[in-house]
$ cat query_31.cif   # mmCIF, C-alpha atoms
data_coords
loop_
_atom_site.group_PDB
_atom_site.id
_atom_site.type_symbol
_atom_site.label_atom_id
_atom_site.label_comp_id
_atom_site.auth_asym_id
_atom_site.auth_seq_id
_atom_site.Cartn_x
_atom_site.Cartn_y
_atom_site.Cartn_z
ATOM 1 C CA MET Y 164 75.226 -80.086 158.159
ATOM 2 C CA ASN Y 165 74.966 -81.688 154.758
ATOM 3 C CA TYR Y 166 73.709 -78.646 152.856
ATOM 4 C CA LEU Y 167 74.602 -80.023 149.423
ATOM 5 C CA ALA Y 168 72.532 -83.175 149.866
ATOM 6 C CA HIS Y 169 69.550 -81.215 151.178
ATOM 7 C CA ALA Y 170 69.779 -78.786 148.252
ATOM 8 C CA TYR Y 171 70.116 -81.606 145.721
ATOM 9 C CA LEU Y 172 67.264 -83.608 147.226
ATOM 10 C CA SER Y 173 64.906 -80.656 146.711
ATOM 11 C CA PHE Y 174 64.721 -81.788 143.066
ATOM 12 C CA GLY Y 175 64.811 -78.288 141.568
ATOM 13 C CA LEU Y 176 61.681 -76.974 143.351
ATOM 14 C CA PRO Y 177 62.404 -73.490 144.777
ATOM 15 C CA ASP Y 178 60.051 -73.522 147.795
ATOM 16 C CA ILE Y 179 61.107 -77.060 148.708
ATOM 17 C CA LEU Y 180 64.737 -75.930 148.466
ATOM 18 C CA VAL Y 181 64.152 -72.977 150.796
ATOM 19 C CA GLY Y 182 62.433 -75.172 153.398
ATOM 20 C CA ASN Y 183 64.995 -77.940 153.060
ATOM 21 C CA MET Y 184 67.900 -75.517 153.573
ATOM 22 C CA ILE Y 185 66.477 -73.576 156.540
ATOM 23 C CA SER Y 186 64.974 -76.494 158.461
ATOM 24 C CA ASP Y 187 67.734 -76.717 161.097
ATOM 25 C CA PHE Y 188 67.056 -73.059 161.921
ATOM 26 C CA VAL Y 189 63.295 -73.598 162.335
ATOM 27 C CA LYS Y 190 62.455 -75.324 165.586
ATOM 28 C CA GLY Y 191 59.323 -77.389 166.202
ATOM 29 C CA LYS Y 192 56.032 -75.675 165.414
ATOM 30 C CA LYS Y 193 57.801 -72.573 164.053
ATOM 31 C CA LYS Y 194 57.542 -74.299 160.683
ATOM 32 C CA PHE Y 195 53.863 -73.276 160.597
ATOM 33 C CA ASP Y 196 54.986 -69.634 160.314
ATOM 34 C CA TYR Y 197 56.023 -70.372 156.706
ATOM 35 C CA PRO Y 198 53.996 -70.786 153.489
ATOM 36 C CA ALA Y 199 52.622 -74.309 153.006
ATOM 37 C CA SER Y 200 55.019 -75.067 150.142
ATOM 38 C CA VAL Y 201 58.057 -74.101 152.282
ATOM 39 C CA GLN Y 202 56.680 -76.158 155.187
ATOM 40 C CA LYS Y 203 56.847 -79.194 152.894
ATOM 41 C CA GLY Y 204 60.558 -78.528 152.337
ATOM 42 C CA ILE Y 205 61.100 -78.240 156.101
ATOM 43 C CA GLN Y 206 59.295 -81.549 156.610
ATOM 44 C CA LEU Y 207 61.278 -83.207 153.804
ATOM 45 C CA HIS Y 208 64.513 -82.115 155.516
ATOM 46 C CA ARG Y 209 63.357 -83.672 158.781
ATOM 47 C CA ASP Y 210 62.363 -86.893 157.003
ATOM 48 C CA ILE Y 211 65.765 -87.033 155.274
ATOM 49 C CA ASP Y 212 67.559 -86.540 158.606
ATOM 50 C CA THR Y 213 65.558 -89.314 160.285
ATOM 51 C CA PHE Y 214 66.145 -91.719 157.386
ATOM 52 C CA THR Y 215 69.869 -90.896 157.383
ATOM 53 C CA ASP Y 216 70.350 -91.192 161.153
ATOM 54 C CA ASP Y 217 68.464 -94.499 161.347
ATOM 55 C CA HIS Y 218 70.183 -96.115 158.348
ATOM 56 C CA PRO Y 219 72.594 -98.968 159.205
ATOM 57 C CA VAL Y 220 75.226 -97.623 156.780
ATOM 58 C CA THR Y 221 75.244 -94.244 158.540
ATOM 59 C CA LYS Y 222 75.629 -96.025 161.868
ATOM 60 C CA LYS Y 223 78.672 -97.787 160.392
ATOM 61 C CA ALA Y 224 80.099 -94.522 158.980
ATOM 62 C CA LYS Y 225 79.747 -92.778 162.354
ATOM 63 C CA LEU Y 226 82.025 -95.354 163.957
ATOM 64 C CA PHE Y 227 84.975 -94.098 161.899
ATOM 65 C CA PHE Y 228 84.641 -90.634 163.484
ATOM 66 C CA LYS Y 229 83.543 -91.642 166.983
ATOM 67 C CA PRO Y 230 87.061 -92.084 168.485
ATOM 68 C CA ALA Y 231 87.813 -88.415 167.730
ATOM 69 C CA VAL Y 232 84.488 -86.645 168.268
ATOM 70 C CA GLY Y 233 82.242 -88.945 170.292
ATOM 71 C CA ALA Y 234 78.571 -88.032 170.125
ATOM 72 C CA TYR Y 235 79.218 -85.521 167.313
ATOM 73 C CA CYS Y 236 80.162 -88.329 164.913
ATOM 74 C CA GLY Y 237 76.825 -87.982 163.080
ATOM 75 C CA ALA Y 238 77.510 -84.365 162.142
ATOM 76 C CA PHE Y 239 80.871 -85.335 160.639
ATOM 77 C CA ALA Y 240 79.287 -88.240 158.761
ATOM 78 C CA ASP Y 241 76.748 -85.809 157.268
ATOM 79 C CA VAL Y 242 79.509 -83.531 155.969
ATOM 80 C CA MET Y 243 81.377 -86.573 154.634
ATOM 81 C CA TYR Y 244 78.328 -87.587 152.578
ATOM 82 C CA ASP Y 245 78.360 -84.144 150.908
ATOM 83 C CA HIS Y 246 81.984 -84.639 149.846
ATOM 84 C CA PHE Y 247 81.236 -87.885 148.072
ATOM 85 C CA LEU Y 248 78.019 -86.516 146.544
ATOM 86 C CA ALA Y 249 79.974 -83.555 145.128
ATOM 87 C CA ASN Y 250 82.414 -86.035 143.556
ATOM 88 C CA ASP Y 251 79.812 -88.554 142.380
ATOM 89 C CA ALA Y 252 80.107 -88.713 138.581
ATOM 90 C CA ALA Y 253 76.638 -90.286 138.406
ATOM 91 C CA GLU Y 254 75.138 -87.107 139.923
ATOM 92 C CA PHE Y 255 77.455 -84.217 138.904
ATOM 93 C CA THR Y 256 80.222 -83.136 136.600
ATOM 94 C CA GLN Y 257 82.407 -80.315 137.910
ATOM 95 C CA GLU Y 258 80.582 -77.909 135.561
ATOM 96 C CA SER Y 259 77.099 -79.095 136.530
ATOM 97 C CA LEU Y 260 78.032 -78.853 140.220
ATOM 98 C CA LEU Y 261 79.137 -75.239 139.703
ATOM 99 C CA THR Y 262 75.875 -74.466 137.885
ATOM 100 C CA PHE Y 263 73.817 -76.233 140.544
ATOM 101 C CA THR Y 264 75.479 -74.352 143.404
ATOM 102 C CA ALA Y 265 75.049 -70.982 141.656
ATOM 103 C CA ASN Y 266 71.350 -71.716 141.048
ATOM 104 C CA THR Y 267 70.916 -72.761 144.692
ATOM 105 C CA TYR Y 268 72.411 -69.499 145.989
ATOM 106 C CA ASN Y 269 70.295 -67.462 143.542
ATOM 107 C CA THR Y 270 67.097 -69.155 144.729
ATOM 108 C CA LEU Y 271 67.998 -68.550 148.373
ATOM 109 C CA HIS Y 272 68.854 -64.877 147.765
ATOM 110 C CA GLN Y 273 65.597 -64.388 145.847
ATOM 111 C CA ASN Y 274 63.720 -65.733 148.879
ATOM 112 C CA LYS Y 275 65.714 -63.843 151.497
ATOM 113 C CA HIS Y 276 62.484 -62.535 153.052
ATOM 114 C CA LEU Y 277 61.678 -66.122 154.089
ATOM 115 C CA LEU Y 278 65.046 -66.985 155.640
ATOM 116 C CA PRO Y 279 65.508 -67.132 159.424
ATOM 117 C CA GLU Y 280 67.843 -64.420 160.685
ATOM 118 C CA LYS Y 281 70.769 -66.749 161.441
ATOM 119 C CA PHE Y 282 70.563 -68.462 158.062
ATOM 120 C CA ALA Y 283 70.244 -65.112 156.261
ATOM 121 C CA ALA Y 284 73.366 -63.889 158.081
ATOM 122 C CA MET Y 285 75.271 -67.014 157.016
ATOM 123 C CA LEU Y 286 74.146 -67.002 153.365
ATOM 124 C CA PRO Y 287 76.589 -64.319 152.093
ATOM 125 C CA TYR Y 288 79.527 -66.357 153.461
ATOM 126 C CA MET Y 289 78.108 -69.562 152.018
ATOM 127 C CA THR Y 290 77.779 -67.860 148.627
ATOM 128 C CA GLU Y 291 81.085 -65.964 148.521
ATOM 129 C CA GLN Y 292 83.107 -68.956 149.713
ATOM 130 C CA ASN Y 293 80.970 -71.379 147.650
ATOM 131 C CA TRP Y 294 80.583 -73.889 150.454
ATOM 132 C CA LEU Y 295 78.423 -76.211 148.371
ATOM 133 C CA PHE Y 296 81.021 -76.548 145.605
ATOM 134 C CA ASN Y 297 83.977 -76.702 147.964
ATOM 135 C CA TYR Y 298 82.664 -79.834 149.654
ATOM 136 C CA SER Y 299 84.254 -81.474 146.598
ATOM 137 C CA ASN Y 300 87.778 -80.507 147.760
ATOM 138 C CA LYS Y 301 89.631 -81.960 150.716
ATOM 139 C CA TRP Y 302 90.592 -78.455 151.890
ATOM 140 C CA GLY Y 303 86.916 -77.515 151.710
ATOM 141 C CA MET Y 304 86.141 -80.526 153.855
ATOM 142 C CA GLU Y 305 88.765 -79.479 156.379
ATOM 143 C CA LYS Y 306 87.049 -76.072 156.646
ATOM 144 C CA SER Y 307 83.619 -77.707 156.904
ATOM 145 C CA PHE Y 308 84.823 -79.966 159.714
ATOM 146 C CA GLY Y 309 86.089 -76.818 161.426
ATOM 147 C CA GLY Y 310 82.603 -75.348 161.026
ATOM 148 C CA VAL Y 311 81.107 -78.337 162.846
ATOM 149 C CA VAL Y 312 83.503 -77.698 165.751
ATOM 150 C CA HIS Y 313 82.574 -73.997 165.754
ATOM 151 C CA ARG Y 314 78.899 -74.917 166.259
ATOM 152 C CA ALA Y 315 79.614 -77.706 168.775
ATOM 153 C CA THR Y 316 79.580 -77.068 172.505
ATOM 154 C CA TYR Y 317 82.122 -79.674 173.597
ATOM 155 C CA LEU Y 318 84.645 -79.886 170.733
ATOM 156 C CA GLN Y 319 87.905 -77.940 170.543
ATOM 157 C CA SER Y 320 89.383 -79.170 167.254
ATOM 158 C CA SER Y 321 88.483 -81.100 164.107
ATOM 159 C CA ASP Y 322 92.076 -82.166 163.359
ATOM 160 C CA GLU Y 323 91.653 -85.754 164.551
ATOM 161 C CA ALA Y 324 88.325 -86.130 162.742
ATOM 162 C CA PHE Y 325 89.903 -84.906 159.505
ATOM 163 C CA LYS Y 326 92.810 -87.342 159.915
ATOM 164 C CA LEU Y 327 90.301 -90.171 160.334
ATOM 165 C CA PHE Y 328 88.459 -88.965 157.219
ATOM 166 C CA GLU Y 329 91.715 -89.222 155.246
ATOM 167 C CA ILE Y 330 92.784 -92.558 156.759
ATOM 168 C CA HIS Y 331 89.393 -94.194 156.134
ATOM 169 C CA TYR Y 332 88.636 -92.347 152.898
ATOM 170 C CA HIS Y 333 87.904 -95.443 150.804
ATOM 171 C CA GLU Y 334 85.786 -97.142 153.476
ATOM 172 C CA LEU Y 335 83.762 -93.924 153.861
ATOM 173 C CA GLN Y 336 83.381 -93.639 150.089
ATOM 174 C CA TYR Y 337 82.001 -97.165 150.069
ATOM 175 C CA CYS Y 338 79.509 -96.162 152.796
ATOM 176 C CA TYR Y 339 78.338 -93.285 150.598
ATOM 177 C CA LYS Y 340 77.952 -95.539 147.543
ATOM 178 C CA GLU Y 341 75.988 -98.046 149.590
ATOM 179 C CA PHE Y 342 73.766 -95.382 151.162
ATOM 180 C CA PHE Y 343 73.036 -92.543 148.729
ATOM 181 C CA PRO Y 344 70.889 -94.343 146.114
ATOM 182 C CA SER Y 345 68.475 -95.435 148.873
ATOM 183 C CA LEU Y 346 68.390 -91.892 150.308
ATOM 184 C CA LYS Y 347 67.642 -90.414 146.881
ATOM 185 C CA ALA Y 348 64.824 -92.904 146.224
ATOM 186 C CA PHE Y 349 63.371 -92.317 149.709
ATOM 187 C CA SER Y 350 63.519 -88.520 149.299
ATOM 188 C CA GLU Y 351 61.777 -88.619 145.932
ATOM 189 C CA GLN Y 352 59.027 -90.830 147.353
ATOM 190 C CA GLN Y 353 58.614 -88.579 150.424
ATOM 191 C CA LEU Y 354 58.442 -85.463 148.271
ATOM 192 C CA ASN Y 355 55.791 -87.027 146.031
ATOM 193 C CA THR Y 356 53.776 -87.880 149.160
ATOM 194 C CA LEU Y 357 54.132 -84.328 150.531
ATOM 195 C CA LEU Y 358 53.076 -82.781 147.209
ATOM 196 C CA ALA Y 359 50.120 -85.151 146.659
#
$ encode --input "query_31.cif" --output "structure tokens"
Amino acid sequence: MNYLAHAYLSFGLPDILVGNMISDFVKGKKKFDYPASVQKGIQLHRDIDTFTDDHPVTKKAKLFFKPAVGAYCGAFADVMYDHFLANDAAEFTQESLLTFTANTYNTLHQNKHLLPEKFAAMLPYMTEQNWLFNYSNKWGMEKSFGGVVHRATYLQSSDEAFKLFEIHYHELQYCYKEFFPSLKAFSEQQLNTLLA
């Protein structure tokens, strides 16, 4: 799950951030249980996922992981995008990334009453281990890949996927550079439409 991208593409709006971060834990019509402003964040997350999955560059990026993880290649591509976003000098410095992640956790903790039970249970670990910042490190990526395996039904190990990430690092970085500007522009446009 590319939590950093979803947080960043909430454009500093707290209710949008909450919805964007919890969306994978809110199935179908359950989104209508939330305030209208949070529902917009949930919808934005879903729009971002559809845009990402359908994009030709993502389809290309998935192929690098497919030999190791088969149908789960999209989940690994999502995590990969967060690594390159965290290291994108056009979007973050190391200091601004640290500030951004701290502000994200603070917003989520302040809205704990809105968080689904499973997300609320995960949030202390996300905060203490600073998942969002540690996407920037290769060891953080190795742990994140392990997290994908933990949630997957048919995967035993992420070792091969991580090796492929390292082997194809520059090709994957190029995929990110080709893809992210269009995702950011799309997300901003979608958010403006949702808020209109």
$ axis_aligned_box --input "query_31.cif" --around "segment 333-347 of chain Y" --padding-each-side "8 Å" --output "JSON"
{"center_x": 77.8, "center_y": -94.2, "center_z": 150.0, "size_x": 36.3, "size_y": 23.6, "size_z": 23.7}
$ residues_around --input "query_31.cif" --residues "segment 261-265 of chain Y" --least-positions-apart "6" --cutoff "12 Å" --atoms "only C-alpha atoms" --output "PyMOL selection string"
chain Y and resi 166-175+180+249-250+254-255+271-272+289-299
$ closest_residue --input "query_31.cif" --among "Y:Thr356, Y:Ser321, Y:Thr215, Y:Gln257" --to "Gly233 of chain Y" --atoms "all atoms listed in the file"
Y:Ser321
$ resolve_selection --input "query_31.cif" --expression "the PyMOL selection byres ((chain Y and resi 197) around 12)" --output "compact mmCIF listing (two decimals) with C-alpha atoms, keeping the file's coordinate frame"
# COMPACT_ATOMS: atom_id res chain seq x y z
CA ASP Y 178 60.05 -73.52 147.79
CA ILE Y 179 61.11 -77.06 148.71
CA VAL Y 181 64.15 -72.98 150.80
CA GLY Y 182 62.43 -75.17 153.40
CA ILE Y 185 66.48 -73.58 156.54
CA SER Y 186 64.97 -76.49 158.46
CA VAL Y 189 63.30 -73.60 162.34
CA LYS Y 192 56.03 -75.68 165.41
CA LYS Y 193 57.80 -72.57 164.05
CA LYS Y 194 57.54 -74.30 160.68
CA PHE Y 195 53.86 -73.28 160.60
CA ASP Y 196 54.99 -69.63 160.31
CA PRO Y 198 54.00 -70.79 153.49
CA ALA Y 199 52.62 -74.31 153.01
CA SER Y 200 55.02 -75.07 150.14
CA VAL Y 201 58.06 -74.10 152.28
CA GLN Y 202 56.68 -76.16 155.19
CA LYS Y 203 56.85 -79.19 152.89
CA GLY Y 204 60.56 -78.53 152.34
CA ILE Y 205 61.10 -78.24 156.10
CA GLN Y 206 59.30 -81.55 156.61
CA ASN Y 274 63.72 -65.73 148.88
CA HIS Y 276 62.48 -62.54 153.05
CA LEU Y 277 61.68 -66.12 154.09
CA LEU Y 278 65.05 -66.98 155.64
CA PRO Y 279 65.51 -67.13 159.42
$ closest_residue --input "query_31.cif" --among "Y:Gly237, Y:Lys301, Y:Pro344, Y:Ala253" --to "Asp217 of chain Y" --atoms "all atoms listed in the file"
Y:Gly237
$ residues_around --input "query_31.cif" --residues "segment 306-308 of chain Y" --least-positions-apart "2" --cutoff "8 Å" --atoms "all atoms listed in the file" --output "VMD selection string"
chain Y and resid 239 242 298 302 to 304 310 to 312 321 324 to 325
$ write_last_selection --input "query_31.cif" --atoms "C-alpha atoms" --output "JSON list (two decimals), in the coordinates of the input"
[["chain", "number", "residue", "atom", "x", "y", "z"],
["Y", 239, "PHE", "CA", 80.87, -85.34, 160.64],
["Y", 242, "VAL", "CA", 79.51, -83.53, 155.97],
["Y", 298, "TYR", "CA", 82.66, -79.83, 149.65],
["Y", 302, "TRP", "CA", 90.59, -78.46, 151.89],
["Y", 303, "GLY", "CA", 86.92, -77.52, 151.71],
["Y", 304, "MET", "CA", 86.14, -80.53, 153.85],
["Y", 310, "GLY", "CA", 82.60, -75.35, 161.03],
["Y", 311, "VAL", "CA", 81.11, -78.34, 162.85],
["Y", 312, "VAL", "CA", 83.50, -77.70, 165.75],
["Y", 321, "SER", "CA", 88.48, -81.10, 164.11],
["Y", 324, "ALA", "CA", 88.32, -86.13, 162.74],
["Y", 325, "PHE", "CA", 89.90, -84.91, 159.50]]
$ closest_residue --input "query_31.cif" --among "Y:Ala238, Y:Phe247, Y:Thr213, Y:Leu346" --to "Glu334 of chain Y" --atoms "all atoms listed in the file"
Y:Phe247
$ closest_residue --input "query_31.cif" --among "Y:Asp216, Y:Gln273, Y:Glu258, Y:Tyr235" --to "Arg314 of chain Y" --atoms "all atoms listed in the file"
Y:Tyr235
